[in-house]
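Engineer: Dropping in model-v2.pdb, which is PDB, C-alpha atoms, pLDDT in the B column:
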```pdb
ATOM      1  CA  MET H   1     -12.672 210.296 250.833  1.00 49.00           C
ATOM      2  CA  VAL H   2      -9.654 208.022 250.279  1.00 55.00           C
ATOM      3  CA  ARG H   3     -11.822 205.468 248.522  1.00 62.00           C
ATOM      4  CA  ASP H   4     -13.188 208.151 246.166  1.00 87.00           C
ATOM      5  CA  ALA H   5      -9.653 209.330 245.390  1.00 86.00           C
ATOM      6  CA  GLU H   6      -8.533 205.794 244.595  1.00 89.00           C
ATOM      7  CA  ALA H   7     -11.654 205.199 242.493  1.00 91.00           C
ATOM      8  CA  THR H   8     -10.941 208.392 240.531  1.00 93.00           C
ATOM      9  CA  ARG H   9      -7.320 207.350 240.021  1.00 94.00           C
ATOM     10  CA  GLN H  10      -8.425 203.914 238.748  1.00 95.00           C
ATOM     11  CA  ARG H  11     -11.000 205.440 236.378  1.00 96.00           C
ATOM     12  CA  LEU H  12      -8.283 207.725 235.008  1.00 97.00           C
ATOM     13  CA  LEU H  13      -5.937 204.765 234.489  1.00 97.00           C
ATOM     14  CA  ASP H  14      -8.659 202.745 232.735  1.00 97.00           C
ATOM     15  CA  ALA H  15      -9.652 205.650 230.487  1.00 98.00           C
ATOM     16  CA  ALA H  16      -6.007 206.416 229.745  1.00 97.00           C
ATOM     17  CA  ALA H  17      -5.298 202.798 228.801  1.00 97.00           C
ATOM     18  CA  ALA H  18      -8.118 202.892 226.254  1.00 97.00           C
ATOM     19  CA  GLU H  19      -7.050 206.298 224.890  1.00 97.00           C
ATOM     20  CA  PHE H  20      -3.361 205.398 224.637  1.00 97.00           C
ATOM     21  CA  ALA H  21      -4.153 202.026 223.035  1.00 95.00           C
ATOM     22  CA  ALA H  22      -6.313 203.720 220.411  1.00 96.00           C
ATOM     23  CA  ARG H  23      -4.182 206.777 219.687  1.00 96.00           C
ATOM     24  CA  GLY H  24      -0.699 206.363 221.122  1.00 93.00           C
ATOM     25  CA  ILE H  25       1.111 208.714 223.453  1.00 92.00           C
ATOM     26  CA  ALA H  26       1.310 211.657 221.064  1.00 93.00           C
ATOM     27  CA  GLY H  27      -2.249 211.272 219.792  1.00 96.00           C
ATOM     28  CA  ALA H  28      -3.878 210.795 223.192  1.00 97.00           C
ATOM     29  CA  ARG H  29      -5.667 213.816 224.615  1.00 97.00           C
ATOM     30  CA  VAL H  30      -6.014 214.468 228.327  1.00 96.00           C
ATOM     31  CA  ASP H  31      -9.417 216.078 227.668  1.00 96.00           C
ATOM     32  CA  ARG H  32     -10.753 212.803 226.265  1.00 97.00           C
ATOM     33  CA  ILE H  33      -9.195 210.797 229.100  1.00 97.00           C
ATOM     34  CA  ALA H  34     -10.729 213.078 231.725  1.00 97.00           C
ATOM     35  CA  GLN H  35     -14.136 212.966 230.031  1.00 96.00           C
ATOM     36  CA  ALA H  36     -14.096 209.170 229.700  1.00 97.00           C
ATOM     37  CA  ALA H  37     -13.113 208.878 233.377  1.00 97.00           C
ATOM     38  CA  GLN H  38     -15.850 211.307 234.410  1.00 94.00           C
ATOM     39  CA  SER H  39     -13.173 213.509 235.898  1.00 94.00           C
ATOM     40  CA  ASN H  40     -11.209 216.574 234.821  1.00 93.00           C
ATOM     41  CA  LYS H  41      -7.754 217.445 233.486  1.00 94.00           C
ATOM     42  CA  ALA H  42      -6.682 218.866 236.829  1.00 94.00           C
ATOM     43  CA  GLN H  43      -7.096 215.433 238.399  1.00 94.00           C
ATOM     44  CA  ILE H  44      -4.803 213.890 235.786  1.00 96.00           C
ATOM     45  CA  TYR H  45      -2.071 216.380 236.588  1.00 95.00           C
ATOM     46  CA  HIS H  46      -2.732 216.045 240.327  1.00 95.00           C
ATOM     47  CA  TYR H  47      -2.371 212.253 240.335  1.00 96.00           C
ATOM     48  CA  PHE H  48       0.189 211.776 237.587  1.00 96.00           C
ATOM     49  CA  GLY H  49       1.921 215.078 236.840  1.00 96.00           C
ATOM     50  CA  SER H  50       1.898 214.791 233.044  1.00 95.00           C
ATOM     51  CA  LYS H  51       0.471 212.837 230.130  1.00 95.00           C
ATOM     52  CA  GLU H  52       3.765 210.948 229.795  1.00 91.00           C
ATOM     53  CA  ALA H  53       3.742 210.019 233.492  1.00 92.00           C
ATOM     54  CA  LEU H  54       0.146 208.835 233.086  1.00 96.00           C
ATOM     55  CA  PHE H  55       1.251 206.591 230.223  1.00 93.00           C
ATOM     56  CA  GLU H  56       4.020 205.207 232.427  1.00 89.00           C
ATOM     57  CA  ALA H  57       1.505 204.514 235.205  1.00 93.00           C
ATOM     58  CA  VAL H  58      -0.723 202.669 232.717  1.00 95.00           C
ATOM     59  CA  PHE H  59       2.227 200.675 231.447  1.00 89.00           C
ATOM     60  CA  ASP H  60       3.496 199.936 234.973  1.00 88.00           C
ATOM     61  CA  ARG H  61       0.060 198.567 235.831  1.00 92.00           C
ATOM     62  CA  ILE H  62       0.132 196.303 232.766  1.00 90.00           C
ATOM     63  CA  VAL H  63       3.639 195.059 233.560  1.00 85.00           C
ATOM     64  CA  ASP H  64       2.614 194.324 237.158  1.00 88.00           C
ATOM     65  CA  ALA H  65      -0.490 192.456 235.981  1.00 91.00           C
ATOM     66  CA  MET H  66       1.486 190.495 233.389  1.00 88.00           C
ATOM     67  CA  MET H  67       4.106 189.465 235.951  1.00 86.00           C
ATOM     68  CA  ARG H  68       1.427 188.489 238.467  1.00 90.00           C
ATOM     69  CA  ASP H  69      -0.939 186.742 236.039  1.00 92.00           C
ATOM     70  CA  THR H  70       1.622 185.312 233.616  1.00 94.00           C
ATOM     71  CA  PRO H  71       4.811 184.517 235.513  1.00 94.00           C
ATOM     72  CA  ILE H  72       7.672 183.067 233.550  1.00 95.00           C
ATOM     73  CA  ASP H  73       8.479 179.408 233.948  1.00 95.00           C
ATOM     74  CA  PRO H  74      11.945 179.065 232.420  1.00 96.00           C
ATOM     75  CA  THR H  75      11.674 175.275 232.483  1.00 95.00           C
ATOM     76  CA  ASN H  76       8.527 175.388 230.318  1.00 97.00           C
ATOM     77  CA  LEU H  77       8.992 178.299 227.920  1.00 98.00           C
ATOM     78  CA  PRO H  78       6.607 176.869 225.286  1.00 98.00           C
ATOM     79  CA  GLU H  79       3.721 176.957 227.764  1.00 98.00           C
ATOM     80  CA  TYR H  80       4.817 180.394 228.996  1.00 98.00           C
ATOM     81  CA  ALA H  81       4.576 181.645 225.394  1.00 98.00           C
ATOM     82  CA  GLY H  82       1.132 180.043 225.134  1.00 98.00           C
ATOM     83  CA  ARG H  83      -0.021 181.803 228.305  1.00 97.00           C
ATOM     84  CA  LEU H  84       1.277 185.120 226.940  1.00 96.00           C
ATOM     85  CA  PHE H  85      -0.728 184.486 223.771  1.00 96.00           C
ATOM     86  CA  ASP H  86      -3.788 183.814 225.940  1.00 96.00           C
ATOM     87  CA  ARG H  87      -3.254 187.112 227.741  1.00 94.00           C
ATOM     88  CA  TYR H  88      -2.973 189.028 224.465  1.00 94.00           C
ATOM     89  CA  GLN H  89      -6.198 187.411 223.280  1.00 93.00           C
ATOM     90  CA  LYS H  90      -7.961 188.329 226.504  1.00 93.00           C
ATOM     91  CA  ASP H  91      -6.638 191.909 226.578  1.00 92.00           C
ATOM     92  CA  PRO H  92      -5.629 193.236 223.117  1.00 90.00           C
ATOM     93  CA  GLN H  93      -4.765 196.615 224.694  1.00 92.00           C
ATOM     94  CA  VAL H  94      -1.533 195.084 226.023  1.00 92.00           C
ATOM     95  CA  GLN H  95      -0.041 194.590 222.565  1.00 91.00           C
ATOM     96  CA  ARG H  96      -1.416 197.879 221.239  1.00 92.00           C
ATOM     97  CA  LEU H  97       0.141 199.835 224.128  1.00 92.00           C
ATOM     98  CA  ALA H  98       3.437 198.009 223.686  1.00 90.00           C
ATOM     99  CA  THR H  99       3.414 198.838 219.978  1.00 90.00           C
ATOM    100  CA  TRP H 100       2.770 202.534 220.617  1.00 89.00           C
ATOM    101  CA  TYR H 101       5.516 202.525 223.232  1.00 87.00           C
ATOM    102  CA  ARG H 102       8.024 201.065 220.756  1.00 87.00           C
ATOM    103  CA  LEU H 103       6.952 203.469 217.997  1.00 88.00           C
ATOM    104  CA  GLU H 104       7.030 206.609 220.099  1.00 85.00           C
ATOM    105  CA  ARG H 105      10.146 205.886 222.142  1.00 78.00           C
ATOM    106  CA  PRO H 106      12.445 204.278 219.565  1.00 71.00           C
ATOM    107  CA  ASP H 107      15.657 205.717 220.979  1.00 75.00           C
ATOM    108  CA  GLY H 108      15.134 204.349 224.460  1.00 68.00           C
ATOM    109  CA  ASP H 109      14.545 207.768 225.967  1.00 67.00           C
ATOM    110  CA  ASP H 110      12.593 207.783 229.226  1.00 70.00           C
ATOM    111  CA  LEU H 111      12.757 204.049 229.758  1.00 76.00           C
ATOM    112  CA  ILE H 112      10.105 202.596 232.049  1.00 77.00           C
ATOM    113  CA  GLU H 113      11.790 201.064 235.069  1.00 81.00           C
ATOM    114  CA  ALA H 114       9.143 198.368 235.617  1.00 78.00           C
ATOM    115  CA  ILE H 115       9.729 196.943 232.139  1.00 83.00           C
ATOM    116  CA  GLY H 116      13.489 196.892 232.569  1.00 86.00           C
ATOM    117  CA  ALA H 117      13.170 195.160 235.936  1.00 88.00           C
ATOM    118  CA  SER H 118      10.683 192.632 234.548  1.00 89.00           C
ATOM    119  CA  ASN H 119      12.908 191.770 231.593  1.00 92.00           C
ATOM    120  CA  ALA H 120      16.024 191.541 233.769  1.00 95.00           C
ATOM    121  CA  ALA H 121      14.250 189.139 236.138  1.00 94.00           C
ATOM    122  CA  LYS H 122      13.123 186.959 233.219  1.00 96.00           C
ATOM    123  CA  VAL H 123      16.599 186.859 231.676  1.00 98.00           C
ATOM    124  CA  SER H 124      18.036 185.962 235.070  1.00 98.00           C
ATOM    125  CA  ALA H 125      15.506 183.129 235.524  1.00 97.00           C
ATOM    126  CA  ILE H 126      16.394 181.750 232.090  1.00 98.00           C
ATOM    127  CA  ALA H 127      20.138 181.990 232.843  1.00 98.00           C
ATOM    128  CA  ASP H 128      19.629 180.176 236.167  1.00 98.00           C
ATOM    129  CA  ALA H 129      17.683 177.382 234.435  1.00 98.00           C
ATOM    130  CA  GLN H 130      20.396 177.078 231.786  1.00 98.00           C
ATOM    131  CA  ARG H 131      23.164 176.888 234.416  1.00 97.00           C
ATOM    132  CA  ALA H 132      21.187 174.209 236.266  1.00 97.00           C
ATOM    133  CA  GLY H 133      20.902 172.170 233.053  1.00 97.00           C
ATOM    134  CA  ARG H 134      17.093 172.438 232.937  1.00 96.00           C
ATOM    135  CA  LEU H 135      17.007 174.539 229.764  1.00 96.00           C
ATOM    136  CA  SER H 136      18.824 174.437 226.451  1.00 95.00           C
ATOM    137  CA  THR H 137      21.836 176.721 226.091  1.00 96.00           C
ATOM    138  CA  ARG H 138      21.393 176.982 222.328  1.00 95.00           C
ATOM    139  CA  PHE H 139      20.594 180.695 222.710  1.00 98.00           C
ATOM    140  CA  GLU H 140      21.922 183.080 225.302  1.00 98.00           C
ATOM    141  CA  PRO H 141      19.262 184.098 227.848  1.00 98.00           C
ATOM    142  CA  ALA H 142      18.442 187.566 226.472  1.00 98.00           C
ATOM    143  CA  VAL H 143      18.153 186.238 222.917  1.00 98.00           C
ATOM    144  CA  LEU H 144      15.948 183.350 223.998  1.00 98.00           C
ATOM    145  CA  LEU H 145      13.620 185.669 225.918  1.00 98.00           C
ATOM    146  CA  ALA H 146      13.354 188.004 222.918  1.00 97.00           C
ATOM    147  CA  LEU H 147      12.414 185.097 220.662  1.00 98.00           C
ATOM    148  CA  VAL H 148       9.801 183.791 223.123  1.00 98.00           C
ATOM    149  CA  LEU H 149       8.258 187.234 223.620  1.00 96.00           C
ATOM    150  CA  HIS H 150       8.070 187.974 219.922  1.00 95.00           C
ATOM    151  CA  LEU H 151       6.717 184.573 218.986  1.00 97.00           C
ATOM    152  CA  SER H 152       3.999 184.871 221.641  1.00 97.00           C
ATOM    153  CA  GLY H 153       2.831 188.131 220.059  1.00 94.00           C
ATOM    154  CA  THR H 154       3.092 186.964 216.459  1.00 93.00           C
ATOM    155  CA  TRP H 155      -0.613 186.959 215.671  1.00 91.00           C
ATOM    156  CA  SER H 156      -1.287 190.375 217.155  1.00 87.00           C
ATOM    157  CA  SER H 157       1.484 192.070 215.195  1.00 85.00           C
ATOM    158  CA  LEU H 158       0.435 191.132 211.668  1.00 88.00           C
ATOM    159  CA  THR H 159      -0.877 193.558 209.079  1.00 88.00           C
ATOM    160  CA  PRO H 160      -4.634 193.393 208.461  1.00 86.00           C
ATOM    161  CA  GLU H 161      -3.953 191.934 205.015  1.00 89.00           C
ATOM    162  CA  TYR H 162      -1.959 189.038 206.455  1.00 89.00           C
ATOM    163  CA  THR H 163      -4.442 188.537 209.272  1.00 85.00           C
ATOM    164  CA  GLY H 164      -7.036 187.927 206.577  1.00 85.00           C
ATOM    165  CA  LEU H 165      -4.942 185.040 205.222  1.00 86.00           C
ATOM    166  CA  VAL H 166      -4.864 183.260 208.569  1.00 86.00           C
ATOM    167  CA  LYS H 167      -8.367 184.180 209.721  1.00 82.00           C
ATOM    168  CA  ARG H 168      -9.469 180.596 209.235  1.00 88.00           C
ATOM    169  CA  LEU H 169      -7.131 179.447 212.006  1.00 91.00           C
ATOM    170  CA  SER H 170      -8.800 179.128 215.384  1.00 94.00           C
ATOM    171  CA  ALA H 171      -7.262 180.735 218.450  1.00 93.00           C
ATOM    172  CA  ALA H 172      -6.366 177.234 219.653  1.00 96.00           C
ATOM    173  CA  LYS H 173      -4.434 176.507 216.440  1.00 96.00           C
ATOM    174  CA  ARG H 174      -2.645 179.864 216.569  1.00 95.00           C
ATOM    175  CA  ARG H 175      -1.730 179.228 220.203  1.00 97.00           C
ATOM    176  CA  GLN H 176      -0.445 175.747 219.393  1.00 98.00           C
ATOM    177  CA  ALA H 177       1.699 177.116 216.568  1.00 97.00           C
ATOM    178  CA  ILE H 178       3.376 179.469 219.053  1.00 98.00           C
ATOM    179  CA  VAL H 179       3.904 176.703 221.613  1.00 98.00           C
ATOM    180  CA  ASP H 180       5.382 174.414 218.926  1.00 98.00           C
ATOM    181  CA  ALA H 181       7.648 177.153 217.573  1.00 98.00           C
ATOM    182  CA  VAL H 182       9.084 177.912 221.008  1.00 98.00           C
ATOM    183  CA  ALA H 183       9.553 174.193 221.662  1.00 98.00           C
ATOM    184  CA  ALA H 184      11.516 173.964 218.403  1.00 97.00           C
ATOM    185  CA  LEU H 185      13.865 176.687 219.653  1.00 96.00           C
ATOM    186  CA  LEU H 186      14.810 174.524 222.621  1.00 96.00           C
ATOM    187  CA  VAL H 187      15.886 171.435 220.695  1.00 91.00           C
TER     188      VAL H 187
END
```
Before anything else, please render the file you have as structure tokens.

Structural biologist:
Amino acid sequence: MVRDAEATRQRLLDAAAAEFAARGIAGARVDRIAQAAQSNKAQIYHYFGSKEALFEAVFDRIVDAMMRDTPIDPTNLPEYAGRLFDRYQKDPQVQRLATWYRLERPDGDDLIEAIGASNAAKVSAIADAQRAGRLSTRFEPAVLLALVLHLSGTWSSLTPEYTGLVKRLSAAKRRQAIVDAVAALLV
């Protein structure tokens, strides 16, 4: 019974990730999520309480996976940015969900604790590396992290028209451009 409950919960999270990535928080429909998960709306409310809480659970899962699979190395931020790029290539839903999150929560209402904790830990790691003399102090830690994060997602945040201009670039060349750009920040 417990295994079935956990399997249902995971199917709901997977279906919700796809729905939220495609339609955002406001556009997502619990009916479609339940149908895609081969479940029902009651299960969504039972496990998560609300559509917004379901989105937070999806996002928490992504943050946990990103921290586990792509840990920051403050002494090698160019490679960290490259690994983030790799992750976005492997799982485009990550960037889509992050974009919907930014669009639909622009005022910082209902902040997701996991994201705040993740960012605080990364800023702290960068500050520690700077204090130890292992990382350039050209930018303060929070600014440097913002630049690294945004550069790593450069190619997934372009308009379709601009993407067409750089379509000829291989994933390896796009990755290298990100790595080189972050390296240039540290000079």

Engineer: Between CA of Arg174 (chain H) and CA of Gly133 (chain H), measure the distance and give it in Å to one decimal.

Structural biologist: 29.8 Å

Engineer: Would you kindly return, as a PyMOL selection string, each protein, DNA or RNA residue with an atom no farther than 12 Å from any atom of Thr137 (chain H), considering only C-alpha atoms and excluding same-chain residues fewer than 4 positions away?

Structural biologist: chain H and resi 74+126-133+141-144+185-187

Engineer: For the file shown, report as a list in words the outcome of the PyMOL selection byres ((chain H and resi 112) around 10) at residue level.

Structural biologist: Ala53, Phe55, Glu56, Ala57, Phe59, Asp60, Tyr101, Gly108, Asp109, Asp110, Leu111, Glu113, Ala114, Ile115, Gly116 and Ala117 of chain H

Engineer: Which residue is closest to Arg9 (chain H)? Choose from H:Val58, H:Ala65, H:Ala21, H:Ala28 and count all atoms listed in the file.

Structural biologist: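 Closest to Arg9 (chain H) of all the choices is H:Val58.
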
Engineer: Can you measure CA of Leu135 (chain H) to CA of Val123 (chain H) for me? One decimal in Å is fine.

Structural biologist: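 CA of Leu135 (chain H) sits 12.5 Å away from CA of Val123 (chain H).
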
Engineer: Which protein, DNA or RNA residues are at most 12 Å from (9.1, 189.7, 224.1) in the file's coordinates when you count all atoms listed in the file, listed as a list of chain:residue names?

Structural biologist: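 Residues with an atom close enough to that point: H:Ile72, H:Tyr80, H:Ala81, H:Leu84, H:Phe85, H:Gln95, H:Ala98, H:Thr99, H:Arg102, H:Ile115, H:Gly116, H:Ser118, H:Asn119, H:Lys122, H:Val123, H:Ala142, H:Val143, H:Leu144, H:Leu145, H:Ala146, H:Leu147, H:Val148, H:Leu149, H:His150, H:Leu151, H:Ser152, H:Gly153, H:Thr154, H:Ser157.
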
Engineer: Please determine an axis-aligned box that encloses all atoms of region 21-30 of chain H listed in the file, with 5 Å added on each side, and express its centre and edge lengths in Å to one decimal as lines of an AutoDock Vina configuration file.

Structural biologist:
```
center_x = -2.5
center_y = 208.2
center_z = 224.0
size_x = 17.6
size_y = 22.4
size_z = 18.6
```

Engineer: For Leu169 (chain H), which of H:Ala181, H:Asp86, H:Trp155, H:Glu6 is the closest residue, counting only C-alpha atoms?

Structural biologist: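 Closest residue, counting only C-alpha atoms: H:Trp155.
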
Engineer: Nearest to Leu12 (chain H): which of H:Val63, H:Ile25, H:Ala42, H:Ile33 is it, counting all atoms listed in the file?

Structural biologist: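 Closest candidate: H:Ile33.
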
Engineer: Could you check the closest approach to Glu104 (chain H) for each of H:Ala7, H:Arg168, H:Glu52, H:Thr159 and tell me which residue wins, using all atoms listed in the file?

Structural biologist: H:Glu52

Engineer: Please enumerate the residues selected by the PyMOL selection byres ((chain H and resi 11) around 10) when evaluated against the supplied file, formatted as a PyMOL selection string.

Structural biologist: chain H and resi 5-10+12-17+33-34+36-39

Engineer: Can you work out the spacing between CA of Ala171 (chain H) and CA of Gln89 (chain H) in Å, to one decimal?

Structural biologist: 8.3 Å
